[in-house]
>>> print(open('final.txt').read())   # compact mmCIF, C-alpha atoms and all ligand atoms
# COMPACT_ATOMS: atom_id res chain seq x y z
CA HIS U 1 50.95 153.21 118.54
CA GLY U 2 48.47 150.38 118.72
CA GLY U 3 50.09 148.22 121.40
CA GLY U 4 47.64 149.30 124.08
CA PRO U 5 47.92 149.25 127.90
CA GLY U 6 50.72 147.08 129.22
CA TYR U 7 52.43 146.84 125.86
CA ARG U 8 55.20 149.22 126.86
CA SER U 9 56.55 146.69 129.35
CA LEU U 10 57.66 144.64 126.31
CA PRO U 11 61.01 145.31 124.64
CA VAL U 12 60.79 146.41 121.00
CA PRO U 13 61.59 144.71 118.70
CA THR U 14 59.78 141.96 120.53
CA VAL U 15 61.12 138.43 120.14
CA ILE U 16 58.17 136.07 119.69
CA ALA U 17 59.10 132.41 120.04
CA HIS U 18 57.36 130.82 117.04
CA ARG U 19 55.79 127.54 118.22
CA GLY U 20 58.16 127.86 121.20
CA ALA U 21 61.89 127.43 120.60
CA SER U 22 60.98 125.24 117.63
CA GLY U 23 64.48 125.40 116.14
CA TYR U 24 65.70 123.50 119.19
CA ARG U 25 62.83 121.29 120.42
CA PRO U 26 59.79 119.68 118.76
CA GLU U 27 57.33 122.53 118.21
CA HIS U 28 54.37 123.28 120.48
CA THR U 29 55.54 121.20 123.42
CA LEU U 30 55.95 122.40 126.99
CA GLY U 31 59.64 121.71 126.41
CA SER U 32 59.81 124.10 123.45
CA TYR U 33 57.90 126.80 125.36
CA GLN U 34 60.08 126.43 128.45
CA LEU U 35 63.30 126.62 126.46
CA ALA U 36 62.09 129.71 124.60
CA LEU U 37 61.49 131.47 127.89
CA ASP U 38 64.84 130.33 129.26
CA MET U 39 66.54 131.62 126.08
CA GLY U 40 65.05 135.06 126.71
CA ALA U 41 62.13 135.22 124.28
CA HIS U 42 59.69 137.97 125.24
CA VAL U 43 56.52 136.27 124.03
CA ILE U 44 55.63 132.59 123.43
CA GLU U 45 53.41 131.64 120.48
CA GLN U 46 50.65 129.03 120.43
CA ASP U 47 48.58 127.81 117.47
CA LEU U 48 45.22 126.37 118.53
CA VAL U 49 43.03 123.60 117.06
CA PRO U 50 40.15 121.74 118.74
CA THR U 51 39.63 118.13 119.80
CA LYS U 52 36.44 116.18 119.04
CA ASP U 53 35.16 117.04 122.53
CA GLY U 54 35.89 120.76 122.15
CA HIS U 55 39.18 121.20 124.03
CA LEU U 56 41.79 123.54 122.58
CA VAL U 57 45.19 121.99 121.98
CA CYS U 58 48.43 123.50 120.72
CA ARG U 59 49.24 122.29 117.20
CA HIS U 60 50.11 124.24 114.08
CA GLU U 61 47.44 122.35 112.15
CA ASN U 62 44.70 119.83 112.86
CA ASP U 63 46.63 117.25 110.79
CA ILE U 64 48.85 115.59 113.40
CA SER U 65 50.45 113.05 111.06
CA GLY U 66 53.82 114.80 110.94
CA THR U 67 54.18 116.12 114.48
CA THR U 68 53.08 113.13 116.59
CA ASP U 69 53.57 109.36 116.64
CA VAL U 70 49.96 108.73 115.56
CA ALA U 71 50.99 106.94 112.34
CA SER U 72 52.73 104.23 114.34
CA ARG U 73 49.73 103.58 116.60
CA PRO U 74 47.70 100.59 115.32
CA GLU U 75 44.68 101.46 117.46
CA PHE U 76 44.25 104.69 115.48
CA ALA U 77 44.89 103.27 111.99
CA SER U 78 41.21 103.49 111.04
CA ARG U 79 41.06 107.21 111.90
CA ARG U 80 43.16 108.11 108.86
CA THR U 81 40.98 110.21 106.61
CA THR U 82 40.86 113.13 104.17
CA ARG U 83 39.85 116.64 105.19
CA SER U 84 39.62 119.99 103.48
CA VAL U 85 40.09 122.93 105.78
CA ASP U 86 40.84 125.65 103.24
CA GLY U 87 39.76 124.23 99.91
CA THR U 88 42.76 121.93 99.61
CA GLY U 89 42.37 118.33 100.75
CA ALA U 90 44.86 116.52 102.96
CA THR U 91 44.98 112.90 104.07
CA GLY U 92 46.12 112.04 107.56
CA TRP U 93 45.00 112.05 111.19
CA PHE U 94 43.10 115.09 112.44
CA THR U 95 42.60 116.44 115.96
CA GLU U 96 38.84 116.84 115.48
CA ASP U 97 38.53 113.02 115.21
CA PHE U 98 40.18 112.43 118.61
CA THR U 99 38.94 113.09 122.13
CA LEU U 100 41.37 114.88 124.40
CA ALA U 101 41.94 111.63 126.32
CA GLU U 102 42.92 109.89 123.08
CA LEU U 103 45.17 112.73 121.95
CA LYS U 104 46.92 112.68 125.29
CA THR U 105 48.15 109.14 124.60
CA LEU U 106 50.16 110.46 121.62
CA ARG U 107 53.68 111.87 121.79
CA ALA U 108 55.03 114.88 119.94
CA LYS U 109 57.88 114.57 117.47
CA GLU U 110 60.00 116.79 115.24
CA ARG U 111 58.27 118.04 112.07
CA ILE U 112 61.38 118.43 109.89
CA PRO U 113 63.94 115.86 111.05
CA ALA U 114 65.95 116.30 107.84
CA SER U 115 67.02 119.82 108.80
CA ARG U 116 66.52 119.63 112.58
CA GLY U 117 68.01 116.25 113.32
CA HIS U 118 69.05 117.25 116.84
CA ASN U 119 65.38 117.83 117.72
CA THR U 120 64.65 114.15 117.17
CA LEU U 121 66.52 113.49 120.43
CA TYR U 122 63.35 114.79 122.08
CA ASP U 123 60.85 112.77 120.01
CA GLY U 124 58.44 111.04 122.36
CA ARG U 125 59.31 113.15 125.38
CA TRP U 126 56.24 115.39 125.52
CA ALA U 127 52.51 115.06 125.04
CA ILE U 128 50.42 117.54 123.05
CA PRO U 129 49.73 120.42 125.46
CA THR U 130 46.25 121.82 125.97
CA PHE U 131 46.00 125.59 125.92
CA GLU U 132 44.80 125.43 129.52
CA GLU U 133 48.02 123.65 130.52
CA VAL U 134 49.97 126.42 128.81
CA LEU U 135 48.04 129.08 130.71
CA ARG U 136 48.81 127.29 133.96
CA TRP U 137 52.46 126.94 133.01
CA ALA U 138 52.66 130.63 132.08
CA ASP U 139 51.10 131.61 135.41
CA GLU U 140 53.57 129.48 137.34
CA GLU U 141 56.55 130.78 135.36
CA GLY U 142 55.29 134.33 135.78
CA ARG U 143 55.10 133.93 139.55
CA ARG U 144 58.56 132.37 139.63
CA ARG U 145 60.12 135.14 137.53
CA GLY U 146 58.17 138.01 139.07
CA ARG U 147 56.92 139.23 135.67
CA PRO U 148 54.17 138.03 133.36
CA VAL U 149 54.82 135.50 130.60
CA TRP U 150 53.35 136.97 127.42
CA LEU U 151 51.50 134.70 124.96
CA HIS U 152 50.68 135.19 121.24
CA VAL U 153 47.73 132.93 120.46
CA GLU U 154 46.52 132.00 116.96
CA THR U 155 43.18 130.49 115.97
CA LYS U 156 43.81 128.00 113.14
CA HIS U 157 41.19 127.38 110.43
CA PRO U 158 38.42 129.04 112.46
CA THR U 159 35.85 129.13 109.63
CA TYR U 160 36.29 125.43 108.92
CA PHE U 161 36.02 124.48 112.60
CA ARG U 162 32.93 126.63 113.07
CA SER U 163 31.34 124.80 110.11
CA ILE U 164 31.69 121.48 111.97
CA GLY U 165 30.40 122.88 115.28
CA LEU U 166 33.80 123.44 116.90
CA GLY U 167 34.05 127.24 117.05
CA LEU U 168 37.43 128.27 118.48
CA GLU U 169 36.80 131.78 119.74
CA GLU U 170 34.27 131.05 122.50
CA PRO U 171 36.32 128.36 124.28
CA LEU U 172 39.42 130.53 123.86
CA ALA U 173 37.70 133.55 125.41
CA LYS U 174 36.41 131.35 128.24
CA LEU U 175 39.92 130.16 129.05
CA LEU U 176 41.35 133.68 128.83
CA ARG U 177 38.70 134.83 131.31
CA ARG U 178 39.32 131.88 133.62
CA TYR U 179 43.04 132.73 133.78
CA GLY U 180 42.55 136.51 133.91
CA ARG U 181 43.98 137.19 130.44
CA HIS U 182 40.89 138.85 129.01
CA ARG U 183 41.58 142.37 130.26
CA ARG U 184 42.89 145.44 128.50
CA ASN U 185 46.31 145.12 130.09
CA SER U 186 46.59 141.31 129.93
CA PRO U 187 49.91 139.98 128.62
CA VAL U 188 48.47 138.45 125.47
CA PHE U 189 48.23 138.97 121.72
CA LEU U 190 45.53 137.20 119.70
CA GLN U 191 46.10 136.45 116.01
CA SER U 192 44.48 134.83 112.98
CA PHE U 193 44.68 134.74 109.20
CA GLU U 194 40.90 135.14 109.13
CA PRO U 195 39.51 138.64 109.80
CA SER U 196 36.18 137.24 111.03
CA SER U 197 37.96 135.32 113.80
CA ILE U 198 39.81 138.46 114.92
CA GLN U 199 36.58 140.42 114.89
CA ARG U 200 34.80 137.73 116.92
CA LEU U 201 37.61 137.63 119.49
CA ALA U 202 37.64 141.40 119.82
CA LYS U 203 33.97 141.22 120.87
CA LEU U 204 34.54 138.44 123.41
CA VAL U 205 37.52 139.82 125.34
CA ASP U 206 38.89 143.26 126.12
CA THR U 207 42.50 142.67 125.11
CA PRO U 208 43.51 145.52 122.82
CA ARG U 209 46.10 143.46 121.00
CA VAL U 210 44.58 141.51 118.12
CA VAL U 211 46.77 140.89 115.11
CA LEU U 212 45.67 140.02 111.58
CA LEU U 213 48.13 137.70 109.87
CA ALA U 214 48.85 138.38 106.22
CA GLY U 215 50.39 135.64 104.10
CA ALA U 216 52.04 136.96 100.97
CA ILE U 217 49.86 134.97 98.59
CA THR U 218 46.91 133.72 100.61
CA ARG U 219 43.27 134.69 100.40
CA PRO U 220 41.68 134.65 103.85
CA TRP U 221 39.56 131.50 103.92
CA ASP U 222 36.61 133.25 105.54
CA PHE U 223 36.65 135.72 102.63
CA ALA U 224 36.76 132.87 100.11
CA GLN U 225 33.84 131.11 101.83
CA ALA U 226 31.79 134.30 101.85
CA GLY U 227 32.51 134.99 98.16
CA ASP U 228 34.59 138.07 99.06
CA PRO U 229 37.16 138.44 96.26
CA ARG U 230 39.79 140.28 98.33
CA THR U 231 43.25 138.81 98.85
CA VAL U 232 45.95 139.69 101.32
CA GLY U 233 47.50 141.86 98.63
CA ASP U 234 44.33 143.92 98.72
CA LEU U 235 44.50 144.16 102.50
CA VAL U 236 47.98 145.65 102.86
CA THR U 237 47.37 148.74 100.76
CA PRO U 238 46.92 152.04 102.63
CA GLU U 239 43.15 151.68 102.19
CA GLY U 240 43.15 148.04 103.31
CA LEU U 241 45.27 148.89 106.35
CA LYS U 242 42.74 151.54 107.31
CA TRP U 243 40.07 148.84 107.29
CA ILE U 244 42.25 146.46 109.34
CA ALA U 245 42.88 149.23 111.86
CA SER U 246 39.12 149.50 112.38
CA PHE U 247 39.14 146.16 114.24
CA ALA U 248 42.79 145.14 114.90
CA GLN U 249 45.83 146.67 116.55
CA GLY U 250 48.48 144.91 114.53
CA ILE U 251 49.36 142.89 111.46
CA GLY U 252 51.54 139.84 111.05
CA PRO U 253 52.85 140.00 107.49
CA THR U 254 55.26 137.60 105.84
CA LEU U 255 58.81 138.95 105.66
CA ASP U 256 58.40 139.25 101.90
CA LEU U 257 55.74 141.91 102.36
CA VAL U 258 58.30 144.03 104.22
CA VAL U 259 61.31 143.41 101.95
CA PRO U 260 60.59 141.40 98.80
CA LYS U 261 63.03 138.90 97.36
CA ASP U 262 63.48 137.93 93.75
CA ALA U 263 63.44 134.34 92.51
CA SER U 264 67.14 133.92 93.26
CA GLY U 265 66.60 135.04 96.86
CA LYS U 266 68.16 138.46 96.37
CA LEU U 267 66.62 141.20 98.52
CA GLY U 268 64.79 143.96 96.69
CA THR U 269 63.65 147.44 97.69
CA PRO U 270 61.70 147.55 100.98
CA THR U 271 57.98 148.17 100.56
CA THR U 272 56.19 151.00 102.34
CA LEU U 273 54.27 148.53 104.53
CA VAL U 274 55.94 149.41 107.84
CA ARG U 275 55.39 153.12 107.31
CA ASP U 276 51.83 152.65 106.05
CA ALA U 277 50.87 150.33 108.92
CA HIS U 278 52.39 152.62 111.53
CA ALA U 279 50.50 155.53 110.00
CA GLU U 280 47.32 153.64 110.89
CA GLY U 281 48.60 152.92 114.42
CA LEU U 282 49.13 149.23 113.64
CA ILE U 283 52.10 147.35 115.08
CA LEU U 284 53.92 144.83 112.84
CA HIS U 285 54.95 141.32 113.86
CA PRO U 286 56.32 139.73 110.67
CA TYR U 287 57.03 136.00 110.35
CA THR U 288 59.17 133.86 110.27
CA MET U 289 62.85 134.32 111.09
CA ARG U 290 64.68 130.99 110.95
CA ASN U 291 67.69 129.68 109.20
CA GLU U 292 65.55 127.67 106.77
CA ASN U 293 64.38 131.09 105.50
CA SER U 294 67.96 131.77 104.54
CA PHE U 295 68.39 133.75 101.37
CA LEU U 296 70.00 130.72 99.82
CA PRO U 297 67.12 128.33 99.06
CA ALA U 298 69.65 125.50 98.88
CA ASP U 299 70.18 125.80 102.64
CA PHE U 300 66.74 124.41 103.30
CA ARG U 301 67.34 121.40 101.09
CA ARG U 302 70.79 120.87 102.54
CA GLY U 303 69.56 120.99 106.12
CA THR U 304 71.73 123.44 107.98
CA ASP U 305 72.55 123.32 111.67
CA PRO U 306 70.14 125.70 113.45
CA HIS U 307 72.94 126.60 115.86
CA ALA U 308 75.01 127.95 112.99
CA TYR U 309 72.79 130.84 111.95
CA GLY U 310 75.72 132.91 110.71
CA ASP U 311 74.97 134.96 107.65
CA ALA U 312 71.34 133.94 107.48
CA PHE U 313 70.51 135.75 110.71
CA GLY U 314 72.83 138.63 109.91
CA ALA U 315 70.70 139.25 106.85
CA PHE U 316 67.60 139.66 109.00
CA THR U 317 68.88 142.99 110.30
CA VAL U 318 67.41 144.56 107.17
CA TYR U 319 63.92 143.90 108.55
CA PHE U 320 64.74 145.52 111.89
CA GLU U 321 66.08 148.54 110.00
CA GLN U 322 62.61 148.96 108.50
CA GLY U 323 61.22 149.51 112.00
CA ILE U 324 59.23 146.33 112.61
CA ASP U 325 57.86 146.03 116.17
CA GLY U 326 58.54 142.35 116.70
CA ILE U 327 59.45 139.14 114.92
CA PHE U 328 58.21 135.56 115.00
CA THR U 329 61.29 133.38 115.20
CA ASP U 330 62.00 129.68 115.64
O1 LIG J 401 51.53 133.27 113.64
C1 LIG J 401 52.53 133.85 112.86
C2 LIG J 401 52.95 132.81 112.00
O2 LIG J 401 53.07 131.73 112.84
C3 LIG J 401 51.95 132.48 110.96
O3 LIG J 401 52.40 131.40 110.32
O4 LIG J 401 51.80 129.21 109.58
O5 LIG J 401 53.57 129.44 111.25
O6 LIG J 401 51.23 129.82 111.90
P1 LIG J 401 52.25 129.92 110.81
CA CA J 402 51.17 130.74 114.05
>>> encode(input="final.txt", output="structure tokens", more="lines below")
Ligand code: G3P
Ligand code: CA
Amino acid sequence: HGGGPGYRSLPVPTVIAHRGASGYRPEHTLGSYQLALDMGAHVIEQDLVPTKDGHLVCRHENDISGTTDVASRPEFASRRTTRSVDGTGATGWFTEDFTLAELKTLRAKERIPASRGHNTLYDGRWAIPTFEEVLRWADEEGRRRGRPVWLHVETKHPTYFRSIGLGLEEPLAKLLRRYGRHRRNSPVFLQSFEPSSIQRLAKLVDTPRVVLLAGAITRPWDFAQAGDPRTVGDLVTPEGLKWIASFAQGIGPTLDLVVPKDASGKLGTPTTLVRDAHAEGLILHPYTMRNENSFLPADFRRGTDPHAYGDAFGAFTVYFEQGIDGIFTD
């Protein structure tokens, strides 16, 4: 299949720690990455956004209002603004308005304290990591453990950032080269929701593991900007998968694209996506397995204890039965 050189050293299904062990520590902190590794995750995920001075930092989105203490910092009050990164506006504080030195004065905190109250114990403990710090950490941990620490790196809102002169792919490729993760057998996956970002990355580095993410309802923002009418639904047909396989080695679909659920949360008949993608040589890394994705929507509102996965995780076996290659999990 499409895993490429080095891929076979990874167990399948591969456990990809989504934003680190984000069910247990504030996401995208060195603490959440370290715990994920200690818990036995095979691959650690990073989402990347840029600072004003072009450094890549690990955040799920450029809006840092909910995952740092920026709102309580009077010196940054005037930076609050409105941005549109994908056609929908949001008001808050954004990484592209901060230099790295300024961002480093902030402290990470839990995104969803209502359902992950225990994570708030760690609020304020860690700074926002740069991707370079993560590469250094992964190298050190790899040496210590005698085996490489695999990373799964996502470019966030690449078309928007390119439009404001902060292209993500070139600095990412530069860092991958600097830390020797640009080769065909390097322990790294690269991922994006935007095909143009994947295609750009594939030209800049030799890693044979680029993964196109596929949200169940989203239209890739680079498509929208270019007037291309296709949606993700159009991309995961046998014909669309053939096109994806012309530039990527894997897809990252939502779980719903593998086994749909009805409005009440009841599982339906599995789709043919796993079979169709494998027929094109594409590996599948669906997202996201966490107890807030429980098949009882009330669980999310109620705020369940992430240590008590119980039936919610038992229900995920249905996805493994379909033959997925890996899973993003909190
Ligand atoms: O990268 C896989 C998955 O993380 C995509 O969703 O929104 O959590 O980045 P998101
Ligand atoms: Ca991600």
>>> residues_near_point(input="final.txt", point="(54.9, 151.1, 108.2)", cutoff="10 Å", atoms="all atoms listed in the file", output="ChimeraX atom specification")
/U:238,258,271-284,322-325
>>> residues_around(input="final.txt", residues="Leu10 in chain U", least_positions_apart="2", cutoff="9 Å", atoms="all atoms listed in the file", output="ChimeraX atom specification")
/U:6-8,12-14,42-43,150
>>> atom_distance(input="final.txt", atom1="CA of Thr329 in chain U", atom2="CA of Leu103 in chain U")
27.1 Å
>>> closest_atom_pairs(input="final.txt", of="chain U", to="ligand CA 402 (chain J)", cutoff="12 Å", atoms="all atoms listed in the file", output="Markdown table")
| residue | atom | partner | partner_atom | distance |
| --- | --- | --- | --- | --- |
| U:Ile16 | CA | J:CA402 | CA | 10.5 |
| U:Ala17 | CA | J:CA402 | CA | 10.1 |
| U:His18 | CA | J:CA402 | CA | 6.9 |
| U:Arg19 | CA | J:CA402 | CA | 7.0 |
| U:Gly20 | CA | J:CA402 | CA | 10.4 |
| U:Ser22 | CA | J:CA402 | CA | 11.8 |
| U:Glu27 | CA | J:CA402 | CA | 11.1 |
| U:His28 | CA | J:CA402 | CA | 10.4 |
| U:Ile44 | CA | J:CA402 | CA | 10.5 |
| U:Glu45 | CA | J:CA402 | CA | 6.9 |
| U:Gln46 | CA | J:CA402 | CA | 6.6 |
| U:Asp47 | CA | J:CA402 | CA | 5.2 |
| U:Leu48 | CA | J:CA402 | CA | 8.6 |
| U:Val49 | CA | J:CA402 | CA | 11.2 |
| U:Cys58 | CA | J:CA402 | CA | 10.2 |
| U:Arg59 | CA | J:CA402 | CA | 9.2 |
| U:His60 | CA | J:CA402 | CA | 6.6 |
| U:Glu61 | CA | J:CA402 | CA | 9.4 |
| U:Leu151 | CA | J:CA402 | CA | 11.6 |
| U:His152 | CA | J:CA402 | CA | 8.5 |
| U:Val153 | CA | J:CA402 | CA | 7.6 |
| U:Glu154 | CA | J:CA402 | CA | 5.6 |
| U:Thr155 | CA | J:CA402 | CA | 8.2 |
| U:Lys156 | CA | J:CA402 | CA | 7.9 |
| U:His157 | CA | J:CA402 | CA | 11.1 |
| U:Phe189 | CA | J:CA402 | CA | 11.6 |
| U:Leu190 | CA | J:CA402 | CA | 10.3 |
| U:Gln191 | CA | J:CA402 | CA | 7.9 |
| U:Ser192 | CA | J:CA402 | CA | 7.9 |
| U:Phe193 | CA | J:CA402 | CA | 9.0 |
| U:Val211 | CA | J:CA402 | CA | 11.1 |
| U:Leu212 | CA | J:CA402 | CA | 11.1 |
| U:Leu213 | CA | J:CA402 | CA | 8.7 |
| U:Ala214 | CA | J:CA402 | CA | 11.2 |
| U:Gly215 | CA | J:CA402 | CA | 11.1 |
| U:Gly252 | CA | J:CA402 | CA | 9.6 |
| U:Pro253 | CA | J:CA402 | CA | 11.5 |
| U:Thr254 | CA | J:CA402 | CA | 11.5 |
| U:His285 | CA | J:CA402 | CA | 11.2 |
| U:Pro286 | CA | J:CA402 | CA | 10.9 |
| U:Tyr287 | CA | J:CA402 | CA | 8.7 |
| U:Thr288 | CA | J:CA402 | CA | 9.4 |
| U:Ile327 | CA | J:CA402 | CA | 11.8 |
| U:Phe328 | CA | J:CA402 | CA | 8.6 |
| U:Thr329 | CA | J:CA402 | CA | 10.5 |
| U:Asp330 | CA | J:CA402 | CA | 11.0 |
>>> closest_residue(input="final.txt", among="U:Glu321, U:Asp234, U:Glu141, U:Asp63", to="Ser84 in chain U", atoms="only C-alpha atoms")
U:Asp63
>>> atom_distance(input="final.txt", atom1="CA of Arg184 in chain U", atom2="CA of Thr207 in chain U")
4.4 Å
>>> atom_distance(input="final.txt", atom1="CA of Leu235 in chain U", atom2="CA of Glu194 in chain U")
11.8 Å
>>> axis_aligned_box(input="final.txt", around="ligand LIG 401 (chain J)", padding_each_side="4 Å", output="JSON")
{"center_x": 52.4, "center_y": 131.5, "center_z": 111.6, "size_x": 10.3, "size_y": 12.6, "size_z": 12.1}
>>> closest_residue(input="final.txt", among="U:Gly142, U:Gly268, U:Gly250, U:Val318", to="ligand LIG 401 (chain J)", atoms="all atoms listed in the file")
U:Gly250
>>> closest_residue(input="final.txt", among="U:Ser163, U:Thr99, U:Thr218, U:Ser246", to="ligand LIG 401 (chain J)", atoms="only C-alpha atoms and all ligand atoms")
U:Thr218
>>> residues_around(input="final.txt", residues="Asp53 in chain U", least_positions_apart="4", cutoff="12 Å", atoms="all atoms listed in the file", output="MDAnalysis selection string")
chainID U and resid 49 57 95:103 164:167 171
